[in-house]
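Structure file query07.pdb (PDB, C-alpha atoms) is printed below.
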```pdb
MODEL        1
ATOM      1  CA  GLN A1382      25.995   1.706  -1.789
ATOM      2  CA  VAL A1383      22.390   0.965  -0.922
ATOM      3  CA  GLN A1384      21.342  -1.680   1.573
ATOM      4  CA  LEU A1385      17.909  -3.033   2.365
ATOM      5  CA  ASP A1386      17.356  -4.705   5.724
ATOM      6  CA  GLU A1387      14.213  -6.791   6.121
ATOM      7  CA  SER A1388      12.649  -8.174   9.268
ATOM      8  CA  GLY A1389       9.395  -9.622  10.518
ATOM      9  CA  GLY A1390       9.120 -12.952   8.767
ATOM     10  CA  GLY A1391       8.334 -16.157  10.597
ATOM     11  CA  LEU A1392       5.903 -19.001  11.128
ATOM     12  CA  VAL A1393       2.216 -18.310  11.656
ATOM     13  CA  GLN A1394      -0.987 -20.307  11.523
ATOM     14  CA  ALA A1395      -3.524 -19.752   8.783
ATOM     15  CA  GLY A1396      -5.684 -16.761   9.589
ATOM     16  CA  GLY A1397      -2.915 -15.086  11.529
ATOM     17  CA  SER A1398      -0.983 -11.888  10.869
ATOM     18  CA  LEU A1399       2.585 -10.792  10.328
ATOM     19  CA  ARG A1400       4.192  -7.434   9.702
ATOM     20  CA  LEU A1401       7.263  -7.156   7.503
ATOM     21  CA  SER A1402       9.605  -4.189   7.755
ATOM     22  CA  CYS A1403      12.318  -2.983   5.413
ATOM     23  CA  GLU A1404      14.770  -0.158   6.019
ATOM     24  CA  ALA A1405      16.762   1.313   3.150
ATOM     25  CA  SER A1406      20.099   2.916   3.930
ATOM     26  CA  GLY A1407      22.999   4.363   1.986
ATOM     27  CA  SER A1408      23.198   6.748  -0.962
ATOM     28  CA  ILE A1409      19.513   7.193  -1.657
ATOM     29  CA  SER A1410      18.325  10.082  -3.776
ATOM     30  CA  SER A1411      14.708  10.308  -4.775
ATOM     31  CA  ILE A1412      12.670   7.201  -4.102
ATOM     32  CA  ASN A1413      10.485   6.231  -7.041
ATOM     33  CA  ALA A1414       8.901   3.279  -5.320
ATOM     34  CA  MET A1415       9.360   0.675  -2.631
ATOM     35  CA  GLY A1416       7.674  -2.648  -2.546
ATOM     36  CA  TRP A1417       7.486  -6.293  -1.661
ATOM     37  CA  TYR A1418       7.812  -9.306  -3.905
ATOM     38  CA  ARG A1419       7.727 -12.989  -3.063
ATOM     39  CA  GLN A1420       9.114 -16.183  -4.469
ATOM     40  CA  THR A1421       8.528 -19.888  -3.945
ATOM     41  CA  PRO A1422      10.859 -22.680  -5.088
ATOM     42  CA  GLY A1423      10.735 -23.234  -8.825
ATOM     43  CA  ASN A1424       8.708 -20.113  -9.483
ATOM     44  CA  GLU A1425       9.489 -16.591 -10.589
ATOM     45  CA  ARG A1426       9.516 -13.723  -8.166
ATOM     46  CA  GLU A1427       6.111 -12.058  -8.164
ATOM     47  CA  LEU A1428       4.848  -8.666  -7.111
ATOM     48  CA  VAL A1429       2.976  -8.489  -3.824
ATOM     49  CA  ALA A1430       2.584  -4.745  -3.292
ATOM     50  CA  THR A1431       4.287  -1.480  -4.188
ATOM     51  CA  ILE A1432       4.046   2.100  -3.011
ATOM     52  CA  THR A1433       5.364   5.085  -4.941
ATOM     53  CA  GLY A1434       7.141   8.108  -3.539
ATOM     54  CA  GLY A1435       3.847   9.930  -3.838
ATOM     55  CA  GLY A1436       1.989   7.282  -1.867
ATOM     56  CA  SER A1437       0.139   5.455  -4.635
ATOM     57  CA  THR A1438      -0.217   1.748  -3.946
ATOM     58  CA  ASN A1439      -0.594  -1.329  -6.089
ATOM     59  CA  TYR A1440      -1.418  -4.860  -4.955
ATOM     60  CA  ALA A1441      -1.493  -8.305  -6.450
ATOM     61  CA  ASP A1442      -5.071  -9.520  -6.776
ATOM     62  CA  SER A1443      -4.306 -12.437  -4.476
ATOM     63  CA  VAL A1444      -3.539 -10.159  -1.516
ATOM     64  CA  LYS A1445      -6.009  -7.302  -2.011
ATOM     65  CA  GLY A1446      -8.054  -6.714   1.104
ATOM     66  CA  ARG A1447      -5.650  -8.723   3.269
ATOM     67  CA  PHE A1448      -2.268  -6.989   2.921
ATOM     68  CA  THR A1449      -1.465  -3.314   3.412
ATOM     69  CA  ILE A1450       1.740  -1.593   2.321
ATOM     70  CA  SER A1451       2.845   1.646   3.949
ATOM     71  CA  ARG A1452       5.865   3.935   4.197
ATOM     72  CA  GLY A1453       7.601   5.143   7.320
ATOM     73  CA  ASN A1454       7.279   8.816   8.222
ATOM     74  CA  VAL A1455      10.928   9.500   9.013
ATOM     75  CA  LYS A1456      13.264   6.864   7.698
ATOM     76  CA  ASN A1457      13.365   5.199   4.328
ATOM     77  CA  MET A1458      11.179   2.377   5.513
ATOM     78  CA  VAL A1459       8.394   0.316   4.055
ATOM     79  CA  TYR A1460       6.057  -2.026   5.861
ATOM     80  CA  LEU A1461       3.787  -4.854   4.781
ATOM     81  CA  GLN A1462       0.968  -5.707   7.143
ATOM     82  CA  MET A1463      -0.288  -9.165   6.281
ATOM     83  CA  ASN A1464      -3.619 -10.286   7.723
ATOM     84  CA  SER A1465      -5.758 -13.367   7.169
ATOM     85  CA  LEU A1466      -2.705 -15.263   6.006
ATOM     86  CA  LYS A1467      -3.170 -18.390   3.923
ATOM     87  CA  PRO A1468      -0.849 -21.348   3.351
ATOM     88  CA  GLU A1469      -0.434 -20.165  -0.241
ATOM     89  CA  ASP A1470       1.166 -16.980   1.091
ATOM     90  CA  THR A1471       4.158 -19.073   2.160
ATOM     91  CA  ALA A1472       7.220 -17.729   0.352
ATOM     92  CA  VAL A1473      10.419 -15.781   0.712
ATOM     93  CA  TYR A1474       9.478 -12.108   0.717
ATOM     94  CA  TYR A1475      11.877  -9.573  -0.783
ATOM     95  CA  CYS A1476      11.983  -5.842  -0.270
ATOM     96  CA  HIS A1477      12.508  -3.780  -3.436
ATOM     97  CA  LEU A1478      13.652  -0.193  -3.884
ATOM     98  CA  ALA A1479      13.593   1.849  -7.079
ATOM     99  CA  ILE A1480      15.458   5.171  -7.102
ATOM    100  CA  GLY A1481      16.721   7.743  -9.557
ATOM    101  CA  LEU A1482      16.933   6.756 -13.217
ATOM    102  CA  GLY A1483      16.223   3.052 -13.253
ATOM    103  CA  HIS A1484      18.268   1.937 -10.273
ATOM    104  CA  ALA A1485      16.780  -1.004  -8.402
ATOM    105  CA  PHE A1486      17.873  -2.836  -5.281
ATOM    106  CA  TRP A1487      16.752  -5.978  -3.476
ATOM    107  CA  GLY A1488      16.895  -7.138   0.100
ATOM    108  CA  GLN A1489      18.141 -10.573   1.134
ATOM    109  CA  GLY A1490      14.652 -11.907   1.688
ATOM    110  CA  THR A1491      12.711 -13.046   4.734
ATOM    111  CA  GLN A1492      10.866 -16.352   5.016
ATOM    112  CA  VAL A1493       7.142 -16.339   5.701
ATOM    113  CA  THR A1494       5.586 -19.718   6.452
ATOM    114  CA  VAL A1495       1.845 -20.141   6.980
ATOM    115  CA  SER A1496       0.739 -23.468   8.405
ATOM    116  CA  SER A1497      -2.693 -24.915   7.744
TER     117      SER A1497
ENDMDL
END
```
Entire entry expressed as structure tokens:
Amino acid sequence: QVQLDESGGGLVQAGGSLRLSCEASGSISSINAMGWYRQTPGNERELVATITGGGSTNYADSVKGRFTISRGNVKNMVYLQMNSLKPEDTAVYYCHLAIGLGHAFWGQGTQVTVSS
């Protein structure tokens, strides 16, 4: 069983910063990628940023230059540093883990609210 535990969400003013953390635990073999997605009411979940096991990163155009995804050195962790936050960044952010042959897991989600 694989579990993803997210933390770091909250309320911040526009222009502020937040750092999301996600720790993966359980029966984890080779990690293909970890990442963050977000979702607002009535909309589909969308990619924010991903990082592969080899360290390659990918970002949504809307967050390039403001958000940075990184992996932990020891544990199966992934971080999302979010700077220059905008009200349109308000969403529930979900941690995602892809391992082995097509196995994917999601965290419970953490709310990020950016006030104008």
Exercise. Got a sec: who's within 12 Å of Ser1411 in chain A, counting only C-alpha atoms, leaving out chain neighbours fewer than 3 positions off, as number ranges by chain?
Worked result: A: 1408, 1414-1415, 1433-1435, 1457, 1478-1484
I need the chosen residues saved as a JSON list (two decimals), in the coordinates of the input, with C-alpha atoms.
```json
[["chain", "number", "residue", "atom", "x", "y", "z"],
["A", 1408, "SER", "CA", 23.20, 6.75, -0.96],
["A", 1414, "ALA", "CA", 8.90, 3.28, -5.32],
["A", 1415, "MET", "CA", 9.36, 0.68, -2.63],
["A", 1433, "THR", "CA", 5.36, 5.08, -4.94],
["A", 1434, "GLY", "CA", 7.14, 8.11, -3.54],
["A", 1435, "GLY", "CA", 3.85, 9.93, -3.84],
["A", 1457, "ASN", "CA", 13.36, 5.20, 4.33],
["A", 1478, "LEU", "CA", 13.65, -0.19, -3.88],
["A", 1479, "ALA", "CA", 13.59, 1.85, -7.08],
["A", 1480, "ILE", "CA", 15.46, 5.17, -7.10],
["A", 1481, "GLY", "CA", 16.72, 7.74, -9.56],
["A", 1482, "LEU", "CA", 16.93, 6.76, -13.22],
["A", 1483, "GLY", "CA", 16.22, 3.05, -13.25],
["A", 1484, "HIS", "CA", 18.27, 1.94, -10.27]]
```
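Among the candidates A:Gln1384, A:Met1463, A:Thr1438, A:Gly1490, the residue lying nearest to Leu1399 in chain A is A:Met1463 (atoms considered: all atoms listed in the file).
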Seminar exercise, completed: Restricting to all atoms listed in the file, whichever of A:Gln1382, A:Asn1454, A:Asn1424, A:Gln1462 is closest to Ile1409 in chain A is A:Gln1382
For this session: Mind listing whatever residues come within 8 Å of the point (3.9, -24.9, 3.9)? Use all atoms listed in the file, file coordinates, and give them as a list in words.
Result: Pro1468, Glu1469, Thr1471, Thr1494, Val1495, Ser1496 and Ser1497 of chain A
For this session: For Gly1396 in chain A, please output as a list in words all residues within 9 Å (counting only C-alpha atoms; exclusion window: fewer than 2 positions along the same chain).
Result: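 Listed by chain and then number, they are Val1393, Gln1394, Ser1398, Asn1464, Ser1465, Leu1466, Lys1467, Val1495 and Ser1497 of chain A.
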Could you please fill out range 1421-1439 of chain A with N, CA, C and O atoms and send it back as a PDB file, in the coordinates of the input?
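Saved to part-v1.pdb:
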```pdb
ATOM      1  N   THR A1421       8.546 -18.516  -4.447  1.00  0.00           N
ATOM      2  CA  THR A1421       8.528 -19.888  -3.945  1.00  0.00           C
ATOM      3  C   THR A1421       9.442 -20.730  -4.825  1.00  0.00           C
ATOM      4  O   THR A1421       9.718 -20.365  -5.974  1.00  0.00           O
ATOM      5  N   PRO A1422       9.920 -21.853  -4.319  1.00  0.00           N
ATOM      6  CA  PRO A1422      10.859 -22.680  -5.088  1.00  0.00           C
ATOM      7  C   PRO A1422      10.304 -23.062  -6.453  1.00  0.00           C
ATOM      8  O   PRO A1422       9.162 -23.520  -6.562  1.00  0.00           O
ATOM      9  N   GLY A1423      11.114 -22.862  -7.471  1.00  0.00           N
ATOM     10  CA  GLY A1423      10.735 -23.234  -8.825  1.00  0.00           C
ATOM     11  C   GLY A1423       9.876 -22.226  -9.547  1.00  0.00           C
ATOM     12  O   GLY A1423       9.503 -22.452 -10.708  1.00  0.00           O
ATOM     13  N   ASN A1424       9.559 -21.138  -8.881  1.00  0.00           N
ATOM     14  CA  ASN A1424       8.708 -20.113  -9.483  1.00  0.00           C
ATOM     15  C   ASN A1424       9.427 -18.777  -9.575  1.00  0.00           C
ATOM     16  O   ASN A1424      10.410 -18.527  -8.873  1.00  0.00           O
ATOM     17  N   GLU A1425       8.909 -17.920 -10.452  1.00  0.00           N
ATOM     18  CA  GLU A1425       9.489 -16.591 -10.589  1.00  0.00           C
ATOM     19  C   GLU A1425       9.051 -15.708  -9.425  1.00  0.00           C
ATOM     20  O   GLU A1425       8.020 -15.942  -8.799  1.00  0.00           O
ATOM     21  N   ARG A1426       9.864 -14.709  -9.185  1.00  0.00           N
ATOM     22  CA  ARG A1426       9.516 -13.723  -8.166  1.00  0.00           C
ATOM     23  C   ARG A1426       8.296 -12.937  -8.658  1.00  0.00           C
ATOM     24  O   ARG A1426       8.249 -12.509  -9.803  1.00  0.00           O
ATOM     25  N   GLU A1427       7.335 -12.741  -7.772  1.00  0.00           N
ATOM     26  CA  GLU A1427       6.111 -12.058  -8.164  1.00  0.00           C
ATOM     27  C   GLU A1427       5.842 -10.854  -7.272  1.00  0.00           C
ATOM     28  O   GLU A1427       6.203 -10.840  -6.091  1.00  0.00           O
ATOM     29  N   LEU A1428       5.187  -9.873  -7.849  1.00  0.00           N
ATOM     30  CA  LEU A1428       4.848  -8.666  -7.111  1.00  0.00           C
ATOM     31  C   LEU A1428       3.782  -8.969  -6.057  1.00  0.00           C
ATOM     32  O   LEU A1428       2.826  -9.688  -6.317  1.00  0.00           O
ATOM     33  N   VAL A1429       3.987  -8.425  -4.877  1.00  0.00           N
ATOM     34  CA  VAL A1429       2.976  -8.489  -3.824  1.00  0.00           C
ATOM     35  C   VAL A1429       2.310  -7.125  -3.689  1.00  0.00           C
ATOM     36  O   VAL A1429       1.089  -7.005  -3.782  1.00  0.00           O
ATOM     37  N   ALA A1430       3.120  -6.099  -3.463  1.00  0.00           N
ATOM     38  CA  ALA A1430       2.584  -4.745  -3.292  1.00  0.00           C
ATOM     39  C   ALA A1430       3.697  -3.731  -3.491  1.00  0.00           C
ATOM     40  O   ALA A1430       4.855  -4.003  -3.166  1.00  0.00           O
ATOM     41  N   THR A1431       3.338  -2.577  -4.041  1.00  0.00           N
ATOM     42  CA  THR A1431       4.287  -1.480  -4.188  1.00  0.00           C
ATOM     43  C   THR A1431       3.641  -0.179  -3.739  1.00  0.00           C
ATOM     44  O   THR A1431       2.410  -0.045  -3.727  1.00  0.00           O
ATOM     45  N   ILE A1432       4.504   0.767  -3.377  1.00  0.00           N
ATOM     46  CA  ILE A1432       4.046   2.100  -3.011  1.00  0.00           C
ATOM     47  C   ILE A1432       5.024   3.097  -3.598  1.00  0.00           C
ATOM     48  O   ILE A1432       6.244   2.956  -3.453  1.00  0.00           O
ATOM     49  N   THR A1433       4.507   4.105  -4.296  1.00  0.00           N
ATOM     50  CA  THR A1433       5.364   5.085  -4.941  1.00  0.00           C
ATOM     51  C   THR A1433       5.803   6.152  -3.943  1.00  0.00           C
ATOM     52  O   THR A1433       5.278   6.239  -2.819  1.00  0.00           O
ATOM     53  N   GLY A1434       6.726   7.003  -4.377  1.00  0.00           N
ATOM     54  CA  GLY A1434       7.141   8.108  -3.539  1.00  0.00           C
ATOM     55  C   GLY A1434       5.997   9.041  -3.204  1.00  0.00           C
ATOM     56  O   GLY A1434       5.994   9.680  -2.147  1.00  0.00           O
ATOM     57  N   GLY A1435       5.006   9.083  -4.081  1.00  0.00           N
ATOM     58  CA  GLY A1435       3.847   9.930  -3.838  1.00  0.00           C
ATOM     59  C   GLY A1435       2.753   9.256  -3.035  1.00  0.00           C
ATOM     60  O   GLY A1435       1.728   9.878  -2.726  1.00  0.00           O
ATOM     61  N   GLY A1436       2.942   7.978  -2.718  1.00  0.00           N
ATOM     62  CA  GLY A1436       1.989   7.282  -1.867  1.00  0.00           C
ATOM     63  C   GLY A1436       0.978   6.406  -2.595  1.00  0.00           C
ATOM     64  O   GLY A1436       0.123   5.788  -1.952  1.00  0.00           O
ATOM     65  N   SER A1437       1.069   6.328  -3.901  1.00  0.00           N
ATOM     66  CA  SER A1437       0.139   5.455  -4.635  1.00  0.00           C
ATOM     67  C   SER A1437       0.531   3.997  -4.417  1.00  0.00           C
ATOM     68  O   SER A1437       1.711   3.655  -4.433  1.00  0.00           O
ATOM     69  N   THR A1438      -0.468   3.158  -4.234  1.00  0.00           N
ATOM     70  CA  THR A1438      -0.217   1.748  -3.946  1.00  0.00           C
ATOM     71  C   THR A1438      -0.767   0.845  -5.050  1.00  0.00           C
ATOM     72  O   THR A1438      -1.697   1.213  -5.777  1.00  0.00           O
ATOM     73  N   ASN A1439      -0.166  -0.314  -5.124  1.00  0.00           N
ATOM     74  CA  ASN A1439      -0.594  -1.329  -6.089  1.00  0.00           C
ATOM     75  C   ASN A1439      -0.439  -2.689  -5.419  1.00  0.00           C
ATOM     76  O   ASN A1439       0.577  -2.939  -4.754  1.00  0.00           O
TER      77      ASN A1439
END
```
